[in-house]
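Engineer: What follows is a single structure, and I will ask about it in a moment.
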There are 2 protein chains.
Amino acid sequence: MKRPAFSTGESMKLHWSPRSPFVRKVMVAAHELGLAEKIECVRSVAAMSKPNAAIMLDNPLSKIPALVLGDGTVLVDSAVIVEYLDSLAGGGQLIAPAGRQRWLVLSRQALADGLLDLLVLWRNERDKPAGRQTHEWLDAFAVKAAATLDRLEAEAAALESEPFGIGHIAVGCALSYLDFRFADLAWREGRPRLAAWQATFAARPSARATEIVDG
Amino acid sequence: MKRPAFSTGESMKLHWSPRSPFVRKVMVAAHELGLAEKIECVRSVAAMSKPNAAIMLDNPLSKIPALVLGDGTVLVDSAVIVEYLDSLAGGGQLIAPAGRQRWLVLSRQALADGLLDLLVLWRNERDKPAGRQTHEWLDAFAVKAAATLDRLEAEAAALESEPFGIGHIAVGCALSYLDFRFADLAWREGRPRLAAWQATFAARPSARATEIVDG
């Protein structure tokens, strides 16, 4: 993910990394809302084993994304930050303001975020020396990830027909992360409709501007 | 946490456990909103290493809480469920509907939920055989938890003065979980104002009705 140009003035500061899928959710939303240029992205490395003092000044959990507003207020968690950005853009742009559609979309975002949480933990476990791995966890990660992808395949028709929003962004970022870190899972196999939908997500300018890259 | 009485009719089904702090968040909110009797609590064991088929029918991530509405719609994630319950109660009860206070409260909830996520991972790691533990993780968990508790101590004045809401519930449930699983941390030491605030939380009827118990 390339760092957007810094724009002075009323900019917000985002603790950012080119490889964090949760940061990417925020940046896809910012591009969709026309706010990307208002966000100053500060490279912040958040590793599970290395607390980062610079991040912790703003977010003591040492997690990204964390958004620092002009008055110093810090917002943590990608879902909170996206809803804040949506409100800056007038509200109701990426999240329905009320009613059944709101709950469906927020729950879909939570499902995709939960898949991402699982994948991050899975990767941490997978990359350990074999003697330190917990095999029941690795097995459980695989079962839960497959079931979640099957659920998303079943919801692909909804992804196709519903207004583009935060549910789509979260699912798209989770699937892209699978391609980036779990290519061996071949998640598209047996899930043709989800694969076709993901191609439409990946083609959006907001997704192309935020692609996760190595380096 | 005792299971509330089952009320027939328009009840919702909650995948529930007496020891889950995230389930407790939902139930504290339900009690505060006068909705606890509308929720049928179904005992659902969610362990990191054992996918639970009954939960996965509703939430393929095998996580709780998950709320099943009368029409079969499933809402996952405690933050989403609490906002849904708040809307059932008219909206704006536990979460300000808009503006600066909304973002502050949602971000505080996310900070407390992030602390809980960390504590759950910490406990999983701590309880492993010594040879399989990752010591850098254990050290990092301790540093980040202490910093987050220090931040909450600094925010205790805001907890005291702001209208009771989801931020309070999330912080209260995280602190109670520390007492339940990390008594050795002695989190109150050096954090007198947070400790005093937590006592007021624990005394609320909604907190007393949902205390986490062993067994």
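Each chain in the structure tokens gets a letter, A, B and so on, in the order shown; residues start at 1 in every chain, and ligands are counted from 1 in the order they appear.
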Please provide the set of residues having any atom within 10 Å of range 204-207 of chain B, restricted to only C-alpha atoms, with same-chain residues fewer than 2 positions apart removed, written as number ranges by chain.
Structural biologist: B: 1, 24-25, 27-34, 36, 169, 172-173, 176, 199-202, 209-212
Engineer: What's around Ala195 in chain B at 10 Å? Count only C-alpha atoms, leave out sequence neighbours fewer than 6 positions away in its own chain, and write the answer as a PyMOL selection string.
Structural biologist: chain B and resi 153+156+175+187-189+201
Engineer: Save the residues we just selected, N, CA and C atoms, as a PDB file, in the first residue's frame?
Structural biologist:
ATOM      1  N   GLU B 153      -6.680   4.646  34.042  1.00  0.00           N
ATOM      2  CA  GLU B 153      -6.556   5.437  35.278  1.00  0.00           C
ATOM      3  C   GLU B 153      -6.614   6.934  34.946  1.00  0.00           C
ATOM      4  N   ALA B 156     -10.135   8.017  34.370  1.00  0.00           N
ATOM      5  CA  ALA B 156     -11.131   7.706  35.407  1.00  0.00           C
ATOM      6  C   ALA B 156     -12.042   8.895  35.680  1.00  0.00           C
ATOM      7  N   LEU B 175     -12.052  -4.924  33.620  1.00  0.00           N
ATOM      8  CA  LEU B 175     -11.441  -4.909  34.957  1.00  0.00           C
ATOM      9  C   LEU B 175     -11.912  -6.114  35.785  1.00  0.00           C
ATOM     10  N   TRP B 187      -4.099  -5.161  39.675  1.00  0.00           N
ATOM     11  CA  TRP B 187      -4.215  -3.978  38.807  1.00  0.00           C
ATOM     12  C   TRP B 187      -4.576  -2.702  39.565  1.00  0.00           C
ATOM     13  N   ARG B 188      -5.143  -2.842  40.774  1.00  0.00           N
ATOM     14  CA  ARG B 188      -5.534  -1.630  41.518  1.00  0.00           C
ATOM     15  C   ARG B 188      -4.329  -0.847  42.061  1.00  0.00           C
ATOM     16  N   GLU B 189      -3.215  -1.539  42.221  1.00  0.00           N
ATOM     17  CA  GLU B 189      -2.027  -0.868  42.804  1.00  0.00           C
ATOM     18  C   GLU B 189      -1.560   0.272  41.900  1.00  0.00           C
ATOM     19  N   PHE B 201     -19.042   0.549  39.503  1.00  0.00           N
ATOM     20  CA  PHE B 201     -19.576  -0.306  38.432  1.00  0.00           C
ATOM     21  C   PHE B 201     -20.071  -1.632  39.010  1.00  0.00           C
TER      22      PHE B 201
END
Engineer: For Ala47 in chain B, which residue out of A:Ala112, A:Phe141, A:Glu83, A:Ser20 is the nearest one, using only C-alpha atoms?
Structural biologist: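 Checking each candidate against Ala47 in chain B, we get A:Phe141 as the closest.
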Engineer: Using only C-alpha atoms, what table do you get, as a tab-separated table, when you list each residue of chain B with an atom no more than 6 Å from chain A, its nearest pair of atoms, and their distance in Å rounded to one decimal, rows by chain then rising number?
Structural biologist:
residue	atom	partner	partner_atom	distance
B:Ser49	CA	A:Trp137	CA	4.8
B:Pro60	CA	A:Thr148	CA	5.0
B:Leu61	CA	A:Lys144	CA	5.2
B:Leu75	CA	A:Ser107	CA	5.3
B:Val76	CA	A:Ser107	CA	5.4
B:Ser107	CA	A:Leu75	CA	5.3
B:Arg132	CA	A:Arg132	CA	4.4
B:Glu136	CA	A:Ser49	CA	5.3
B:Trp137	CA	A:Ser49	CA	4.8
B:Ala140	CA	A:Ser49	CA	5.5
B:Lys144	CA	A:Leu61	CA	5.2
B:Ala147	CA	A:Pro60	CA	5.3
B:Thr148	CA	A:Pro60	CA	5.0
Engineer: Work out how far CA of Arg193 in chain A is from CA of Ala157 in chain A, in Å to one decimal.
Structural biologist: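 According to the coordinates, CA of Ala157 in chain A and CA of Arg193 in chain A are separated by 7.8 Å.
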Engineer: Enumerate, as a PyMOL selection string, the complete set of residues in chain A that a backbone-based DSSP assignment places in alpha helix (DSSP H).
Structural biologist: chain A and resi 21-33+53-58+78-88+100-126+135-154+156-161+166-181+192-202+205-208
Engineer: What gap, in Å, lies between CA of Val82 in chain A and CA of Ile166 in chain B?
Structural biologist: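 It comes out at 18.5 Å.
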Engineer: Take CA of Trp122 in chain B and CA of Gln198 in chain B and report the distance between them in Å, one decimal.
Structural biologist: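 Between these atoms lies a distance of 22.2 Å.
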Engineer: Using only C-alpha atoms, can you tell me which of B:Gly92, B:Pro163, B:Pro21, B:Pro97 comes closest to Arg181 in chain B?
Structural biologist: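 Distance minimum relative to Arg181 in chain B lands on B:Pro21.
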Engineer: Taking the DSSP assignment computed from this structure's backbone, write out as a ChimeraX atom specification all residues of chain B that belong to strand (DSSP E).
Structural biologist: /B:12-16,39-43,66-68,74-76
